[in-house]
$ cat my_file_37.pdb   # PDB, C-alpha atoms
ATOM      1  CA  MET A   1      23.585  78.596 118.316
ATOM      2  CA  LYS A   2      26.568  76.366 119.175
ATOM      3  CA  ILE A   3      29.995  77.472 118.006
ATOM      4  CA  ASP A   4      33.224  75.423 117.996
ATOM      5  CA  SER A   5      36.862  76.549 118.198
ATOM      6  CA  THR A   6      37.282  76.454 114.399
ATOM      7  CA  ASP A   7      34.293  78.781 114.008
ATOM      8  CA  GLU A   8      35.702  81.039 116.748
ATOM      9  CA  LYS A   9      39.046  81.290 114.940
ATOM     10  CA  ALA A  10      37.229  82.112 111.705
ATOM     11  CA  LEU A  11      35.194  84.785 113.517
ATOM     12  CA  LEU A  12      38.353  86.351 114.960
ATOM     13  CA  LYS A  13      40.050  86.278 111.571
ATOM     14  CA  GLY A  14      36.982  87.877 109.984
ATOM     15  CA  LEU A  15      36.851  90.503 112.720
ATOM     16  CA  ALA A  16      40.518  91.375 112.108
ATOM     17  CA  LEU A  17      39.673  91.829 108.404
ATOM     18  CA  ASN A  18      36.614  94.017 109.193
ATOM     19  CA  ASP A  19      34.276  91.368 107.785
ATOM     20  CA  ARG A  20      30.719  92.570 108.370
ATOM     21  CA  ASN A  21      29.308  89.033 108.742
ATOM     22  CA  SER A  22      31.840  88.198 111.462
ATOM     23  CA  VAL A  23      30.984  91.352 113.405
ATOM     24  CA  GLU A  24      27.251  90.683 113.059
ATOM     25  CA  THR A  25      27.729  87.065 114.192
ATOM     26  CA  ILE A  26      29.638  88.207 117.280
ATOM     27  CA  TYR A  27      26.795  90.605 118.092
ATOM     28  CA  LYS A  28      24.154  87.903 117.569
ATOM     29  CA  LEU A  29      26.009  85.341 119.667
ATOM     30  CA  TYR A  30      27.121  87.443 122.621
ATOM     31  CA  TYR A  31      25.272  90.752 122.879
ATOM     32  CA  ASN A  32      22.336  89.381 124.905
ATOM     33  CA  MET A  33      24.712  87.758 127.390
ATOM     34  CA  VAL A  34      26.564  91.068 127.927
ATOM     35  CA  GLN A  35      23.309  93.009 128.117
ATOM     36  CA  ALA A  36      22.024  90.665 130.836
ATOM     37  CA  LEU A  37      25.288  91.055 132.772
ATOM     38  CA  ILE A  38      25.095  94.860 132.668
ATOM     39  CA  ILE A  39      21.369  95.205 133.380
ATOM     40  CA  ASN A  40      21.537  92.690 136.250
ATOM     41  CA  ASN A  41      24.383  94.688 137.766
ATOM     42  CA  ASN A  42      23.059  98.221 138.080
ATOM     43  CA  GLY A  43      23.292  99.154 134.396
ATOM     44  CA  THR A  44      21.030 100.250 131.569
ATOM     45  CA  ALA A  45      20.518  99.098 127.992
ATOM     46  CA  ASP A  46      22.652 102.075 126.869
ATOM     47  CA  ASP A  47      25.423 100.988 129.251
ATOM     48  CA  ALA A  48      25.215  97.486 127.777
ATOM     49  CA  ARG A  49      25.574  98.841 124.221
ATOM     50  CA  ASP A  50      28.591 100.945 125.238
ATOM     51  CA  ILE A  51      30.288  98.109 127.101
ATOM     52  CA  PHE A  52      29.662  95.630 124.289
ATOM     53  CA  GLN A  53      31.056  98.092 121.743
ATOM     54  CA  GLU A  54      34.184  98.553 123.882
ATOM     55  CA  THR A  55      34.474  94.770 124.209
ATOM     56  CA  VAL A  56      34.317  94.302 120.446
ATOM     57  CA  ILE A  57      37.012  96.981 120.045
ATOM     58  CA  VAL A  58      39.273  95.157 122.525
ATOM     59  CA  LEU A  59      38.608  91.884 120.700
ATOM     60  CA  TYR A  60      39.276  93.556 117.331
ATOM     61  CA  GLU A  61      42.579  95.007 118.569
ATOM     62  CA  LYS A  62      43.665  91.595 119.860
ATOM     63  CA  ALA A  63      42.574  89.793 116.667
ATOM     64  CA  LYS A  64      44.323  92.413 114.511
ATOM     65  CA  THR A  65      47.717  91.571 116.076
ATOM     66  CA  GLY A  66      47.615  88.166 114.402
ATOM     67  CA  SER A  67      49.332  86.600 117.411
ATOM     68  CA  PHE A  68      46.280  86.482 119.682
ATOM     69  CA  GLU A  69      45.728  82.951 120.959
ATOM     70  CA  LEU A  70      42.336  82.320 122.528
ATOM     71  CA  THR A  71      42.849  80.222 125.683
ATOM     72  CA  ALA A  72      39.147  79.879 126.522
ATOM     73  CA  GLN A  73      35.886  79.874 124.634
ATOM     74  CA  LEU A  74      35.200  83.134 122.813
ATOM     75  CA  LYS A  75      32.017  83.456 124.884
ATOM     76  CA  THR A  76      34.075  83.344 128.111
ATOM     77  CA  TYR A  77      36.573  85.867 126.771
ATOM     78  CA  VAL A  78      33.819  88.296 125.684
ATOM     79  CA  TYR A  79      32.120  87.893 129.057
ATOM     80  CA  SER A  80      35.383  88.487 130.928
ATOM     81  CA  VAL A  81      36.279  91.616 128.985
ATOM     82  CA  SER A  82      32.733  92.997 129.339
ATOM     83  CA  ARG A  83      32.661  92.225 133.036
ATOM     84  CA  ARG A  84      36.033  93.883 133.605
ATOM     85  CA  LEU A  85      35.037  96.977 131.609
ATOM     86  CA  TRP A  86      31.745  97.208 133.518
ATOM     87  CA  LEU A  87      33.408  96.845 136.924
ATOM     88  CA  LYS A  88      35.918  99.519 135.940
ATOM     89  CA  LYS A  89      33.075 101.841 134.913
ATOM     90  CA  LEU A  90      31.184 101.145 138.153
ATOM     91  CA  GLN A  91      34.313 101.916 140.170
ATOM     92  CA  GLN A  92      34.710 105.200 138.305
ATOM     93  CA  GLN A  93      31.089 106.031 139.160
ATOM     94  CA  GLN A  94      31.610 104.704 142.704
ATOM     95  CA  LYS A  95      28.827 102.175 142.239
ATOM     96  CA  TYR A  96      31.065  99.133 142.583
ATOM     97  CA  LEU A  97      29.201  95.967 143.510
ATOM     98  CA  PRO A  98      31.597  93.304 144.847
ATOM     99  CA  ASN A  99      29.135  90.442 144.231
ATOM    100  CA  VAL A 100      28.452  90.614 140.521
ATOM    101  CA  ILE A 101      25.311  88.663 139.608
ATOM    102  CA  GLY A 102      25.649  85.966 136.939
ATOM    103  CA  LEU A 103      29.376  85.446 137.358
ATOM    104  CA  GLU A 104      30.532  82.660 135.033
ATOM    105  CA  ASP A 105      33.972  81.248 134.377
ATOM    106  CA  THR A 106      36.146  84.154 133.402
ATOM    107  CA  VAL A 107      39.634  84.563 132.058
ATOM    108  CA  PRO A 108      42.117  87.222 133.169
ATOM    109  CA  VAL A 109      41.801  90.193 130.813
ATOM    110  CA  GLU A 110      43.098  93.037 132.973
ATOM    111  CA  GLU A 111      46.151  93.504 130.769
ATOM    112  CA  GLU A 112      44.049  93.887 127.605
ATOM    113  CA  ILE A 113      41.740  96.389 129.299
ATOM    114  CA  ASP A 114      44.651  98.409 130.656
ATOM    115  CA  SER A 115      46.447  98.496 127.297
ATOM    116  CA  HIS A 116      43.168  99.465 125.597
ATOM    117  CA  GLY A 117      42.716 102.325 128.091
ATOM    118  CA  GLN A 118      46.338 103.386 127.602
ATOM    119  CA  ARG A 119      45.914 103.428 123.815
ATOM    120  CA  ASN A 120      42.714 105.480 124.114
ATOM    121  CA  THR A 121      44.533 108.014 126.308
ATOM    122  CA  GLU A 122      47.375 108.237 123.808
ATOM    123  CA  PHE A 123      44.933 108.722 120.909
ATOM    124  CA  LEU A 124      43.237 111.541 122.802
ATOM    125  CA  MET A 125      46.588 113.175 123.490
ATOM    126  CA  MET A 126      47.558 112.846 119.805
ATOM    127  CA  GLU A 127      44.240 114.377 118.810
ATOM    128  CA  LYS A 128      44.861 117.267 121.221
ATOM    129  CA  ALA A 129      48.398 117.757 119.867
ATOM    130  CA  LEU A 130      47.049 117.714 116.298
ATOM    131  CA  LEU A 131      44.501 120.406 117.196
ATOM    132  CA  HIS A 132      47.301 122.625 118.545
ATOM    133  CA  LEU A 133      49.521 122.013 115.517
ATOM    134  CA  GLY A 134      47.952 124.701 113.334
ATOM    135  CA  GLU A 135      47.699 125.064 109.578
ATOM    136  CA  PRO A 136      48.966 124.018 107.076
ATOM    137  CA  CYS A 137      50.682 121.288 109.111
ATOM    138  CA  LYS A 138      47.436 119.852 110.477
ATOM    139  CA  SER A 139      45.889 119.558 107.003
ATOM    140  CA  LEU A 140      49.092 118.201 105.485
ATOM    141  CA  ILE A 141      49.434 115.445 108.090
ATOM    142  CA  GLU A 142      45.745 114.569 107.822
ATOM    143  CA  ALA A 143      45.997 114.431 104.018
ATOM    144  CA  PHE A 144      48.940 112.025 104.147
ATOM    145  CA  TYR A 145      48.126 109.786 107.125
ATOM    146  CA  LEU A 146      44.336 109.844 107.352
ATOM    147  CA  GLN A 147      43.273 110.439 103.757
ATOM    148  CA  LYS A 148      46.218 108.357 102.397
ATOM    149  CA  ARG A 149      46.959 110.887  99.641
ATOM    150  CA  SER A 150      50.227 110.679  97.701
ATOM    151  CA  MET A 151      52.993 113.266  98.156
ATOM    152  CA  THR A 152      52.527 114.352  94.520
ATOM    153  CA  ASP A 153      48.835 114.976  95.144
ATOM    154  CA  ILE A 154      49.626 116.831  98.379
ATOM    155  CA  ALA A 155      52.275 118.957  96.606
ATOM    156  CA  GLY A 156      49.699 120.044  94.029
ATOM    157  CA  HIS A 157      46.974 120.663  96.599
ATOM    158  CA  PHE A 158      49.153 122.679  98.984
ATOM    159  CA  GLY A 159      51.082 124.549  96.276
ATOM    160  CA  TYR A 160      54.528 122.997  96.767
ATOM    161  CA  THR A 161      56.773 122.911  93.693
ATOM    162  CA  ASN A 162      57.272 119.138  93.887
ATOM    163  CA  ALA A 163      56.686 116.017  96.009
ATOM    164  CA  ASP A 164      60.139 116.320  97.646
ATOM    165  CA  ASN A 165      59.315 119.792  98.983
ATOM    166  CA  ALA A 166      55.985 118.511 100.297
ATOM    167  CA  LYS A 167      57.778 115.551 101.927
ATOM    168  CA  ASN A 168      60.265 117.919 103.574
ATOM    169  CA  GLN A 169      57.417 120.073 104.923
ATOM    170  CA  LYS A 170      55.613 116.950 106.176
ATOM    171  CA  TYR A 171      58.759 115.979 108.086
ATOM    172  CA  LYS A 172      58.957 119.428 109.712
ATOM    173  CA  CYS A 173      55.273 119.217 110.635
ATOM    174  CA  LEU A 174      55.772 115.732 112.122
ATOM    175  CA  MET A 175      58.612 117.030 114.291
ATOM    176  CA  ARG A 176      56.344 119.827 115.574
ATOM    177  CA  LEU A 177      53.531 117.331 116.201
ATOM    178  CA  ARG A 178      55.914 115.006 117.995
ATOM    179  CA  LYS A 179      57.092 117.854 120.226
ATOM    180  CA  LEU A 180      53.487 118.813 121.057
ATOM    181  CA  PHE A 181      52.505 115.190 121.696
ATOM    182  CA  PHE A 182      55.371 114.544 124.084
ATOM    183  CA  ALA A 183      54.710 117.811 125.907
ATOM    184  CA  GLU A 184      51.110 116.612 126.389
ATOM    185  CA  PHE A 185      52.357 113.114 127.308
ATOM    186  CA  LYS A 186      54.648 114.570 129.958
ATOM    187  CA  ASN A 187      51.834 116.759 131.359
ATOM    188  CA  ASN A 188      49.495 113.780 131.667
ATOM    189  CA  ASP A 189      52.123 111.432 133.165
ATOM    190  CA  VAL A 190      50.788 108.513 131.137
TER     191      VAL A 190
END
$ encode --input "my_file_37.pdb" --output "structure tokens"
Amino acid sequence: MKIDSTDEKALLKGLALNDRNSVETIYKLYYNMVQALIINNNGTADDARDIFQETVIVLYEKAKTGSFELTAQLKTYVYSVSRRLWLKKLQQQQKYLPNVIGLEDTVPVEEEIDSHGQRNTEFLMMEKALLHLGEPCKSLIEAFYLQKRSMTDIAGHFGYTNADNAKNQKYKCLMRLRKLFFAEFKNNDV
């Protein structure tokens, strides 16, 4: 299946909007290429699925910014990100192979991979800080930010007299979470 730059832009736009057809098309077009890269370079089918999933996440994050400008074919970009992620994983497992089989034209994607890894680390630290936050703060923050509930709804659910009191408590909880997060951040030297 041949794809031109207009189709690639439409795919990226669809990916940014969580369009199922765009995601499925990306899988159909590029998964086999990534699977071949991984399997031909000391990997398994499971490794290929993991690496492709990570690649799609990187691509999604870039497309979501709205300012991402593709400077190569989407196929080359996907290959480059997958290759970089795989080499990074091999290095972590100390199985690095300097002569990667099937090397095609690639584009530099180190910055995207590093920022993706940084964001993952920060999410894990935030998750850890949230776990240490305690109740009712943890539930209140989850209700507002993850479940997208209104302050009026939260006030009723948590037994506050009004939305302003719930908002004030949310602020106090956020300050505690922030303190925990930055303590974790400092400990991890990220």
$ residues_around --input "my_file_37.pdb" --residues "Ala166 (chain A)" --least-positions-apart "4" --cutoff "10 Å" --atoms "only C-alpha atoms" --output "number ranges by chain"
A: 140, 151-162, 170-172
$ resolve_selection --input "my_file_37.pdb" --expression "the PyMOL selection byres ((chain A and resi 8-14) around 10)" --output "ChimeraX atom specification"
/A:3-7,15-26,59-60,62-64,66,68-70,73-75
$ axis_aligned_box --input "my_file_37.pdb" --around "region 53-67 of chain A" --padding-each-side "5 Å" --output "JSON"
{"center_x": 40.2, "center_y": 92.6, "center_z": 119.3, "size_x": 28.3, "size_y": 22.0, "size_z": 19.8}
$ resolve_selection --input "my_file_37.pdb" --expression "the PyMOL selection byres ((chain A and resi 174) around 12)" --output "VMD selection string"
chain A and resid 126 129 to 130 133 to 134 136 to 142 144 to 145 167 to 173 175 to 181
$ resolve_selection --input "my_file_37.pdb" --expression "the PyMOL selection byres ((chain A and resi 52) around 10)" --output "ChimeraX atom specification"
/A:27,30-35,38,46-51,53-58,78-79,81-83,85-86
$ closest_residue --input "my_file_37.pdb" --among "A:Ser80, A:Asn42, A:Thr71, A:Thr65" --to "Gln93 (chain A)" --atoms "all atoms listed in the file"
A:Asn42
$ atom_distance --input "my_file_37.pdb" --atom1 "CA of Lys89 (chain A)" --atom2 "CA of Gly43 (chain A)"
10.2 Å
$ atom_distance --input "my_file_37.pdb" --atom1 "CA of Glu122 (chain A)" --atom2 "CA of Ala183 (chain A)"
12.2 Å
$ atom_distance --input "my_file_37.pdb" --atom1 "CA of Lys88 (chain A)" --atom2 "CA of Ala72 (chain A)"
22.0 Å
